[in-house]
file model_19.cif (mmCIF, C-alpha atoms)
data_my_file
loop_
_atom_site.label_atom_id
_atom_site.label_comp_id
_atom_site.auth_asym_id
_atom_site.auth_seq_id
_atom_site.Cartn_x
_atom_site.Cartn_y
_atom_site.Cartn_z
CA MET Y 30 -131.02 -185.56 -47.99
CA SER Y 31 -134.08 -186.71 -46.09
CA THR Y 32 -136.42 -188.82 -48.17
CA THR Y 33 -140.17 -188.79 -48.14
CA ARG Y 34 -142.33 -191.14 -50.10
CA GLY Y 35 -143.58 -189.78 -53.38
CA ALA Y 36 -142.11 -189.26 -56.84
CA ALA Y 37 -138.57 -187.91 -56.65
CA ALA Y 38 -136.47 -186.72 -59.55
CA SER Y 39 -133.92 -189.45 -58.95
CA ASP Y 40 -136.48 -192.25 -59.41
CA ASP Y 41 -136.29 -194.48 -62.47
CA ALA Y 42 -138.50 -192.88 -65.15
CA THR Y 43 -140.71 -195.97 -65.13
CA MET Y 44 -141.70 -195.32 -61.52
CA THR Y 45 -143.53 -192.12 -62.43
CA ASP Y 46 -145.47 -193.65 -65.33
CA PRO Y 47 -149.20 -194.17 -64.87
CA TRP Y 48 -150.00 -197.66 -63.60
CA SER Y 49 -151.61 -198.57 -66.93
CA ARG Y 50 -148.34 -197.90 -68.75
CA ARG Y 51 -146.35 -199.83 -66.17
CA ALA Y 52 -148.75 -202.76 -66.45
CA ALA Y 53 -148.53 -202.72 -70.25
CA ARG Y 54 -144.75 -202.74 -70.07
CA ALA Y 55 -144.76 -205.58 -67.55
CA LEU Y 56 -147.12 -207.63 -69.72
CA LEU Y 57 -144.95 -207.29 -72.80
CA ARG Y 58 -141.80 -208.05 -70.82
CA ARG Y 59 -143.37 -211.21 -69.48
CA ALA Y 60 -144.48 -212.33 -72.92
CA VAL Y 61 -141.09 -211.64 -74.49
CA ARG Y 62 -138.79 -212.79 -71.69
CA GLY Y 63 -140.82 -215.39 -69.86
CA ARG Y 64 -138.66 -216.24 -66.87
CA SER Y 65 -135.39 -215.27 -68.58
CA GLU Y 66 -133.47 -212.06 -68.14
CA ARG Y 67 -133.63 -211.34 -71.84
CA GLY Y 68 -135.71 -212.45 -74.80
CA SER Y 69 -134.75 -212.83 -78.44
CA ASP Y 70 -133.37 -209.85 -80.38
CA TRP Y 71 -136.75 -209.34 -81.98
CA GLY Y 72 -138.58 -209.45 -78.68
CA GLU Y 73 -136.13 -207.05 -77.06
CA GLY Y 74 -136.42 -204.80 -80.11
CA MET Y 75 -140.19 -204.74 -79.68
CA LEU Y 76 -139.75 -203.92 -75.99
CA ALA Y 77 -137.39 -201.06 -76.79
CA GLU Y 78 -139.94 -199.56 -79.17
CA PHE Y 79 -142.53 -199.66 -76.37
CA GLU Y 80 -140.64 -196.76 -74.80
CA GLU Y 81 -141.41 -194.66 -77.89
CA THR Y 82 -145.16 -195.11 -77.50
CA THR Y 83 -147.33 -192.57 -75.74
CA GLY Y 84 -150.73 -192.74 -74.07
CA TRP Y 85 -152.99 -195.58 -75.09
CA GLU Y 86 -150.60 -196.55 -77.88
CA SER Y 87 -148.53 -198.24 -75.22
CA VAL Y 88 -151.35 -200.57 -74.26
CA ARG Y 89 -152.07 -201.47 -77.89
CA TRP Y 90 -148.38 -202.02 -78.60
CA SER Y 91 -148.02 -204.25 -75.60
CA MET Y 92 -151.15 -206.35 -76.10
CA SER Y 93 -150.54 -206.86 -79.80
CA GLY Y 94 -146.91 -207.78 -79.23
CA ALA Y 95 -147.70 -210.08 -76.31
CA MET Y 96 -150.35 -211.95 -78.29
CA ALA Y 97 -147.90 -212.42 -81.18
CA SER Y 98 -145.26 -213.72 -78.77
CA TRP Y 99 -147.65 -216.25 -77.31
CA ARG Y 100 -148.85 -217.31 -80.75
CA GLU Y 101 -145.25 -217.89 -81.83
CA ARG Y 102 -144.54 -219.85 -78.69
CA ARG Y 103 -147.63 -222.00 -79.16
CA ASN Y 104 -146.47 -222.78 -82.67
CA GLY Y 105 -143.24 -224.08 -81.22
CA ARG Y 106 -141.13 -221.12 -82.37
CA SER Y 107 -139.43 -218.68 -80.07
CA LEU Y 108 -138.79 -215.84 -82.47
CA LEU Y 109 -140.38 -213.15 -80.36
CA ALA Y 110 -140.15 -214.78 -76.98
CA ALA Y 111 -137.22 -216.07 -74.97
CA GLY Y 112 -135.90 -219.47 -76.00
CA LEU Y 113 -136.07 -220.79 -72.46
CA GLY Y 114 -138.78 -220.26 -69.87
CA ALA Y 115 -142.31 -219.86 -71.18
CA LEU Y 116 -144.93 -217.75 -69.46
CA LEU Y 117 -147.44 -220.54 -69.82
CA PRO Y 118 -146.56 -224.20 -70.40
CA ARG Y 119 -147.78 -225.48 -73.71
CA ARG Y 120 -150.01 -228.28 -72.42
CA ARG Y 121 -153.57 -227.17 -71.93
CA ASN Y 122 -153.98 -228.65 -68.45
CA ALA Y 123 -150.86 -227.00 -67.16
CA ARG Y 124 -152.07 -223.67 -68.57
CA LEU Y 125 -155.36 -224.01 -66.74
CA ALA Y 126 -153.50 -224.84 -63.54
CA VAL Y 127 -151.34 -221.75 -63.82
CA ALA Y 128 -154.38 -219.60 -64.55
CA GLY Y 129 -156.11 -221.06 -61.51
CA VAL Y 130 -153.15 -220.28 -59.27
CA LEU Y 131 -153.01 -216.72 -60.61
CA ILE Y 132 -156.70 -216.18 -59.88
CA VAL Y 133 -156.32 -217.48 -56.33
CA ALA Y 134 -153.23 -215.35 -55.75
CA LEU Y 135 -154.86 -212.20 -57.08
CA THR Y 136 -157.99 -212.78 -55.03
CA ALA Y 137 -155.95 -213.43 -51.92
CA GLY Y 138 -153.99 -210.25 -52.54
CA PHE Y 139 -157.14 -208.23 -52.94
CA VAL Y 140 -158.72 -209.61 -49.80
CA ARG Y 141 -155.58 -208.89 -47.84
CA PHE Y 142 -155.43 -205.31 -48.97
CA VAL Y 143 -159.15 -204.71 -49.09
CA VAL Y 144 -158.91 -201.98 -51.59
CA SER Y 145 -161.64 -199.46 -52.02
CA PRO Y 146 -161.92 -196.39 -54.23
CA VAL Y 147 -161.87 -192.79 -53.11
CA TYR Y 148 -162.86 -189.66 -54.99
CA ILE Y 149 -160.82 -186.48 -54.59
CA PRO Y 150 -163.29 -183.59 -54.32
CA SER Y 151 -161.01 -180.78 -53.20
CA GLY Y 152 -157.77 -179.13 -54.21
CA SER Y 153 -156.09 -179.34 -50.83
CA MET Y 154 -153.61 -181.93 -52.10
CA GLU Y 155 -152.78 -180.27 -55.41
CA PRO Y 156 -150.70 -180.71 -57.49
CA THR Y 157 -150.30 -184.30 -56.31
CA LEU Y 158 -153.99 -185.22 -56.27
CA LEU Y 159 -156.20 -183.40 -58.74
CA ILE Y 160 -159.88 -182.67 -58.23
CA GLY Y 161 -162.00 -185.34 -59.83
CA SER Y 162 -159.35 -188.03 -59.78
CA ARG Y 163 -159.98 -191.37 -58.14
CA TYR Y 164 -157.56 -193.50 -56.20
CA PHE Y 165 -157.50 -196.99 -54.78
CA VAL Y 166 -157.11 -196.93 -51.01
CA ASP Y 167 -155.68 -199.69 -48.89
CA ARG Y 168 -158.00 -200.08 -45.93
CA VAL Y 169 -156.35 -202.94 -44.09
CA ALA Y 170 -152.73 -203.66 -44.90
CA PHE Y 171 -151.41 -200.35 -43.57
CA ARG Y 172 -152.45 -201.46 -40.10
CA PHE Y 173 -149.82 -204.20 -40.39
CA THR Y 174 -147.16 -202.52 -42.50
CA GLY Y 175 -147.33 -199.24 -40.61
CA LEU Y 176 -147.54 -195.64 -41.75
CA GLU Y 177 -144.56 -193.46 -42.62
CA PRO Y 178 -143.96 -189.80 -43.41
CA GLY Y 179 -144.74 -189.28 -47.07
CA ASP Y 180 -147.74 -191.61 -47.10
CA ILE Y 181 -151.01 -190.04 -48.16
CA VAL Y 182 -153.84 -191.17 -45.89
CA THR Y 183 -157.54 -190.71 -45.53
CA HIS Y 184 -159.16 -190.00 -42.19
CA GLY Y 185 -162.55 -189.02 -40.86
CA ASN Y 186 -165.88 -190.58 -41.67
CA ALA Y 187 -168.34 -190.59 -44.55
CA ASP Y 188 -169.66 -187.14 -43.60
CA ARG Y 189 -166.31 -185.44 -43.28
CA ARG Y 190 -163.43 -187.21 -44.96
CA PHE Y 191 -159.96 -185.80 -45.42
CA THR Y 192 -157.03 -186.86 -47.56
CA LYS Y 193 -153.68 -185.57 -46.34
CA ARG Y 194 -150.00 -186.44 -46.34
CA ILE Y 195 -148.17 -187.60 -43.24
CA LEU Y 196 -145.30 -185.29 -42.40
CA GLY Y 197 -144.62 -186.38 -38.85
CA VAL Y 198 -145.27 -189.37 -36.58
CA GLY Y 199 -145.39 -189.77 -32.82
CA GLY Y 200 -142.34 -188.22 -31.14
CA ASP Y 201 -141.34 -185.98 -34.09
CA VAL Y 202 -140.81 -182.28 -33.44
CA ILE Y 203 -142.33 -180.31 -36.29
CA ASP Y 204 -141.53 -176.68 -37.01
CA CYS Y 205 -141.07 -174.40 -39.99
CA ALA Y 206 -138.13 -172.23 -40.99
CA ASN Y 207 -137.46 -170.23 -44.16
CA GLY Y 208 -140.74 -171.33 -45.69
CA ALA Y 209 -139.90 -175.03 -45.37
CA LEU Y 210 -141.13 -177.68 -43.01
CA ARG Y 211 -138.64 -179.24 -40.62
CA ARG Y 212 -138.89 -182.56 -38.86
CA ASN Y 213 -136.65 -182.95 -35.83
CA GLY Y 214 -134.64 -179.96 -36.94
CA GLN Y 215 -134.00 -181.30 -40.47
CA PRO Y 216 -135.64 -179.54 -43.44
CA VAL Y 217 -137.90 -182.00 -45.25
CA THR Y 218 -137.37 -182.40 -48.99
CA GLU Y 219 -140.78 -182.19 -50.63
CA PRO Y 220 -140.44 -182.66 -54.39
CA TYR Y 221 -144.20 -183.11 -54.79
CA LEU Y 222 -144.96 -179.51 -53.78
CA ALA Y 223 -145.70 -176.94 -56.44
CA PRO Y 224 -142.58 -174.83 -57.07
CA GLY Y 225 -142.45 -171.78 -54.84
CA THR Y 226 -144.70 -173.26 -52.17
CA VAL Y 227 -144.10 -171.77 -48.76
CA THR Y 228 -145.00 -173.69 -45.62
CA GLU Y 229 -145.52 -171.92 -42.34
CA CYS Y 230 -146.45 -173.61 -39.12
CA SER Y 231 -146.06 -173.35 -35.39
CA THR Y 232 -143.78 -175.67 -33.50
CA VAL Y 233 -145.38 -178.84 -32.26
CA THR Y 234 -144.24 -182.13 -30.80
CA VAL Y 235 -146.34 -184.91 -32.22
CA PRO Y 236 -147.86 -186.94 -29.38
CA PRO Y 237 -147.34 -190.72 -29.36
CA ASP Y 238 -149.70 -192.60 -31.72
CA SER Y 239 -150.53 -189.38 -33.54
CA LEU Y 240 -149.73 -188.07 -36.99
CA TYR Y 241 -148.92 -184.59 -38.27
CA LEU Y 242 -150.85 -184.21 -41.51
CA LEU Y 243 -150.55 -181.56 -44.22
CA GLY Y 244 -152.24 -181.04 -47.56
CA ASP Y 245 -149.78 -180.55 -50.43
CA HIS Y 246 -151.60 -177.38 -51.49
CA ARG Y 247 -150.31 -175.55 -48.47
CA GLU Y 248 -152.07 -172.26 -49.20
CA VAL Y 249 -155.60 -173.69 -49.07
CA SER Y 250 -155.34 -176.84 -46.99
CA ILE Y 251 -156.82 -176.95 -43.50
CA ASP Y 252 -154.76 -179.53 -41.67
CA SER Y 253 -152.60 -180.13 -38.62
CA ARG Y 254 -151.39 -176.54 -38.77
CA GLN Y 255 -154.85 -175.41 -37.66
CA ASN Y 256 -156.29 -178.54 -36.09
CA GLY Y 257 -153.24 -180.17 -34.61
CA PRO Y 258 -151.96 -183.72 -35.02
CA VAL Y 259 -154.49 -186.44 -35.71
CA ASP Y 260 -154.90 -189.67 -33.80
CA LYS Y 261 -153.43 -192.62 -35.71
CA ASP Y 262 -156.60 -194.62 -35.06
CA ALA Y 263 -158.58 -192.07 -37.06
CA VAL Y 264 -156.78 -193.09 -40.26
CA THR Y 265 -159.10 -195.06 -42.51
CA GLY Y 266 -156.81 -195.82 -45.41
CA ARG Y 267 -153.57 -195.24 -47.32
CA LEU Y 268 -153.61 -194.14 -50.94
CA LEU Y 269 -152.22 -196.73 -53.32
CA VAL Y 270 -152.58 -195.82 -56.96
CA ARG Y 271 -154.70 -193.67 -59.23
CA PHE Y 272 -157.29 -195.42 -61.36
CA TRP Y 273 -158.98 -192.35 -62.85
CA PRO Y 274 -157.94 -190.71 -65.06
CA LEU Y 275 -156.00 -193.65 -66.39
CA MET Y 276 -153.25 -191.68 -68.11
CA MET D 7 -153.84 -217.19 -97.08
CA PRO D 8 -152.46 -215.80 -100.38
CA ARG D 9 -151.18 -218.47 -102.73
CA THR D 10 -147.87 -216.83 -103.41
CA PRO D 11 -145.79 -215.87 -100.36
CA ASP D 12 -145.36 -212.19 -99.44
CA THR D 13 -148.40 -210.92 -101.28
CA SER D 14 -150.59 -210.10 -98.30
CA PRO D 15 -151.69 -206.46 -98.13
CA GLN D 16 -149.85 -206.11 -94.83
CA THR D 17 -146.57 -207.31 -96.33
CA MET D 18 -147.05 -204.95 -99.26
CA ARG D 19 -147.40 -202.04 -96.81
CA VAL D 20 -144.17 -203.07 -95.13
CA PHE D 21 -142.38 -203.20 -98.50
CA GLN D 22 -143.70 -199.76 -99.40
CA ALA D 23 -142.63 -198.27 -96.07
CA LEU D 24 -139.15 -199.76 -96.30
CA LEU D 25 -138.74 -198.71 -99.92
CA SER D 26 -139.76 -195.13 -99.18
CA ASP D 27 -136.22 -194.69 -97.84
CA PRO D 28 -134.30 -197.85 -98.78
CA ALA D 29 -130.87 -196.78 -97.54
CA GLN D 30 -132.15 -195.65 -94.13
CA TRP D 31 -132.21 -197.90 -91.04
CA ARG D 32 -135.78 -197.92 -89.71
CA HIS D 33 -137.20 -198.64 -86.27
CA GLY D 34 -140.24 -200.71 -85.36
CA TYR D 35 -142.28 -197.86 -83.91
CA GLU D 36 -142.03 -195.61 -86.98
CA LEU D 37 -142.66 -198.55 -89.31
CA SER D 38 -145.77 -199.36 -87.29
CA LYS D 39 -147.01 -195.79 -87.75
CA GLU D 40 -146.16 -195.66 -91.44
CA THR D 41 -147.75 -199.03 -92.26
CA ALA D 42 -150.61 -198.62 -89.77
CA LEU D 43 -149.85 -202.18 -88.58
CA ALA D 44 -149.96 -203.31 -84.96
CA SER D 45 -146.74 -204.54 -83.41
CA GLY D 46 -148.00 -208.15 -83.41
CA THR D 47 -148.63 -207.96 -87.15
CA LEU D 48 -145.53 -206.02 -88.14
CA TYR D 49 -142.87 -207.99 -86.32
CA PRO D 50 -143.72 -211.45 -87.67
CA ILE D 51 -143.53 -209.96 -91.18
CA LEU D 52 -140.12 -208.42 -90.43
CA ILE D 53 -138.94 -211.69 -88.90
CA ARG D 54 -139.94 -213.66 -92.01
CA LEU D 55 -138.15 -211.19 -94.28
CA ALA D 56 -135.03 -211.34 -92.13
CA ASP D 57 -135.09 -215.16 -92.12
CA ARG D 58 -134.94 -215.05 -95.91
CA GLU D 59 -132.14 -212.48 -95.83
CA LEU D 60 -134.30 -209.86 -97.49
CA LEU D 61 -133.99 -207.66 -94.40
CA GLU D 62 -130.93 -206.86 -92.34
CA THR D 63 -130.98 -205.83 -88.69
CA ARG D 64 -128.71 -203.99 -86.30
CA TRP D 65 -128.81 -202.50 -82.82
CA GLU D 66 -128.64 -198.75 -82.46
CA PRO D 67 -128.03 -196.55 -79.44
CA PRO D 68 -131.13 -195.48 -77.50
CA SER D 69 -133.11 -192.42 -78.55
CA ARG D 70 -132.77 -190.98 -75.04
CA PRO D 71 -130.53 -191.78 -72.08
CA GLY D 72 -132.06 -194.36 -69.78
CA ARG D 73 -133.85 -196.11 -72.63
CA PRO D 74 -132.83 -199.46 -74.11
CA PRO D 75 -130.94 -199.74 -77.45
CA ARG D 76 -133.21 -199.84 -80.47
CA HIS D 77 -133.46 -202.55 -83.10
CA ALA D 78 -133.22 -201.19 -86.64
CA TYR D 79 -134.12 -202.70 -90.01
CA ARG D 80 -133.20 -202.15 -93.61
CA LEU D 81 -133.87 -204.03 -96.85
CA THR D 82 -130.85 -205.83 -98.25
CA ALA D 83 -130.02 -205.30 -101.91
CA ASP D 84 -131.82 -208.56 -102.69
CA GLY D 85 -134.66 -207.51 -100.44
CA ALA D 86 -135.11 -204.16 -102.17
CA ALA D 87 -135.17 -205.81 -105.58
CA TYR D 88 -137.63 -208.43 -104.34
CA ALA D 89 -139.87 -205.81 -102.74
CA ARG D 90 -139.93 -203.74 -105.91
CA SER D 91 -140.83 -206.73 -108.03
CA ARG D 92 -143.61 -207.76 -105.64
CA LEU D 93 -145.05 -204.25 -105.65
CA ALA D 94 -144.79 -204.06 -109.43
CA ASP D 95 -146.65 -207.39 -109.74
CA GLN D 96 -149.37 -206.07 -107.50
CA ALA D 97 -149.67 -202.84 -109.50
CA ALA D 98 -149.93 -204.82 -112.73
CA GLN D 99 -152.76 -206.95 -111.39
CA PRO D 100 -155.03 -204.75 -109.30
CA ALA D 101 -157.87 -207.35 -109.32
CA ASN D 102 -156.24 -210.07 -107.24
CA ARG D 103 -158.01 -213.39 -107.56
CA SER D 104 -158.07 -214.01 -103.83
CA THR D 105 -160.28 -210.96 -103.26
CA GLN D 106 -163.00 -212.13 -105.61
CA ARG D 107 -165.60 -214.83 -105.29
CA PRO D 108 -164.60 -218.07 -107.00
CA SER D 109 -167.32 -217.86 -109.68
CA LEU D 110 -166.23 -214.39 -110.75
CA ALA D 111 -162.60 -215.49 -110.87
CA MET D 112 -163.47 -218.38 -113.13
CA GLU D 113 -165.34 -216.03 -115.44
CA ALA D 114 -162.37 -213.71 -115.56
CA THR D 115 -160.20 -216.53 -116.85
#
call {"tool": "encode", "arguments": {"input": "model_19.cif", "output": "structure tokens"}}
result
Amino acid sequence: MSTTRGAAASDDATMTDPWSRRAARALLRRAVRGRSERGSDWGEGMLAEFEETTGWESVRWSMSGAMASWRERRNGRSLLAAGLGALLPRRRNARLAVAGVLIVALTAGFVRFVVSPVYIPSGSMEPTLLIGSRYFVDRVAFRFTGLEPGDIVTHGNADRRFTKRILGVGGDVIDCANGALRRNGQPVTEPYLAPGTVTECSTVTVPPDSLYLLGDHREVSIDSRQNGPVDKDAVTGRLLVRFWPLM
Amino acid sequence: MPRTPDTSPQTMRVFQALLSDPAQWRHGYELSKETALASGTLYPILIRLADRELLETRWEPPSRPGRPPRHAYRLTADGAAYARSRLADQAAQPANRSTQRPSLAMEAT
């Protein structure tokens, strides 16, 4: 089974959660477990209940529980948090030092990625990207880490900007058979497509340093099927994560 | 801080929720909904009750595959009796001294 990037049914359920839910879960885990694999029974119990929360409840559950864990730890007890390994050392100076390191690390990470927002104005990538949603786009790092089939990228300029998914890279032979896209003769598994989507295209060999781009909403998208493969240098960014709507 | 232990309104809500079905093992999420208490308020109360052996705990299988096992709570026999007596005390004295200004309280006595 060929794999493309994007949510697949076999992924861990946590991978398809909105980033806000994943962040809330990570925060509570950190507060309860510190650096250990497992926290106290009470802490783990609180973490298990997190999975029962929905929507914004999850953020409230996590923040309230994390604050209680830290309060307990500051009072010298470890009822909610792991016995060993604290998130923040108890001495005030050490806490400030850790906070300082975190700020530097986060800033460095941001600068490296140079993330900027993008607004999705059209339905050509439905159902993956919905009209009106906003995503963070990596403008820099993809130039070092490379682009792969499955990545969703932006190209064009401020006047005419497109957001499409990479289906083929330089050297790939793209064609369509039985309503499905094929790359180098192999049908591509596309779990992100709306059920019943049919893809038709003419056969093309992607030139070196070019990309074959398609919008997920195959019926309406104008993409490499009409306009041919796009030069890799024209790519301006790679979609990272949705920040609006949050849930 | 209330003068007698386990008389805070939050603890009373926990007692009421647990007593609404005393034989049933309850989970943190549903208790949070029933008491309208945040997780960080509810769990310390449950921990204190368990420390004093008024509450027993056990692990239960997950609600859905892929989820972690759930922690469940139930009042012990002592705990149920204690909870009932605390709630009865509170019902008998609706005007708790700690909610009134000191001058009023002195007049009441």
call {"tool": "closest_atom_pairs", "arguments": {"input": "model_19.cif", "of": "chain Y", "to": "chain D", "cutoff": "9 Å", "atoms": "all atoms listed in the file", "output": "CSV"}}
result
residue,atom,partner,partner_atom,distance
Y:Asp41,CA,D:Gly72,CA,8.4
Y:Ala42,CA,D:Gly72,CA,8.1
Y:Asp70,CA,D:His77,CA,7.8
Y:Trp71,CA,D:Tyr49,CA,7.6
Y:Gly72,CA,D:Tyr49,CA,8.9
Y:Glu73,CA,D:His77,CA,8.0
Y:Gly74,CA,D:His77,CA,4.8
Y:Met75,CA,D:Gly34,CA,7.0
Y:Leu76,CA,D:Pro74,CA,8.4
Y:Ala77,CA,D:Pro74,CA,5.5
Y:Glu78,CA,D:Tyr35,CA,5.6
Y:Phe79,CA,D:Tyr35,CA,7.8
Y:Glu80,CA,D:Arg73,CA,7.2
Y:Glu81,CA,D:Tyr35,CA,6.9
Y:Thr82,CA,D:Tyr35,CA,7.5
Y:Arg89,CA,D:Ala44,CA,7.6
Y:Trp90,CA,D:Ser45,CA,5.7
Y:Ser91,CA,D:Ser45,CA,7.9
Y:Met92,CA,D:Gly46,CA,8.2
Y:Ser93,CA,D:Gly46,CA,4.6
Y:Gly94,CA,D:Gly46,CA,4.3
Y:Ala95,CA,D:Gly46,CA,7.4
Y:Met96,CA,D:Gly46,CA,6.8
Y:Ala97,CA,D:Gly46,CA,4.8
Y:Ser98,CA,D:Gly46,CA,7.7
Y:Glu101,CA,D:Pro50,CA,8.8
Y:Leu108,CA,D:Ile53,CA,7.7
Y:Leu109,CA,D:Pro50,CA,8.2
call {"tool": "closest_residue", "arguments": {"input": "model_19.cif", "among": "Y:Glu229, Y:Asp260, Y:Glu66, Y:Glu86", "to": "His184 (chain Y)", "atoms": "all atoms listed in the file"}}
result
Y:Asp260
call {"tool": "atom_distance", "arguments": {"input": "model_19.cif", "atom1": "CA of Val217 (chain Y)", "atom2": "CA of Gly266 (chain Y)"}}
result
23.4 Å
call {"tool": "atom_distance", "arguments": {"input": "model_19.cif", "atom1": "CA of Leu57 (chain Y)", "atom2": "CA of Ile132 (chain Y)"}}
result
19.6 Å
call {"tool": "axis_aligned_box", "arguments": {"input": "model_19.cif", "around": "region 58-73 of chain Y", "padding_each_side": "6 Å", "output": "JSON"}}
result
{"center_x": -138.9, "center_y": -211.6, "center_z": -74.4, "size_x": 23.1, "size_y": 21.2, "size_z": 27.1}
call {"tool": "residues_around", "arguments": {"input": "model_19.cif", "residues": "Thr232 (chain Y)", "least_positions_apart": "3", "cutoff": "9 Å", "atoms": "all atoms listed in the file", "output": "number ranges by chain"}}
result
Y: 202-205
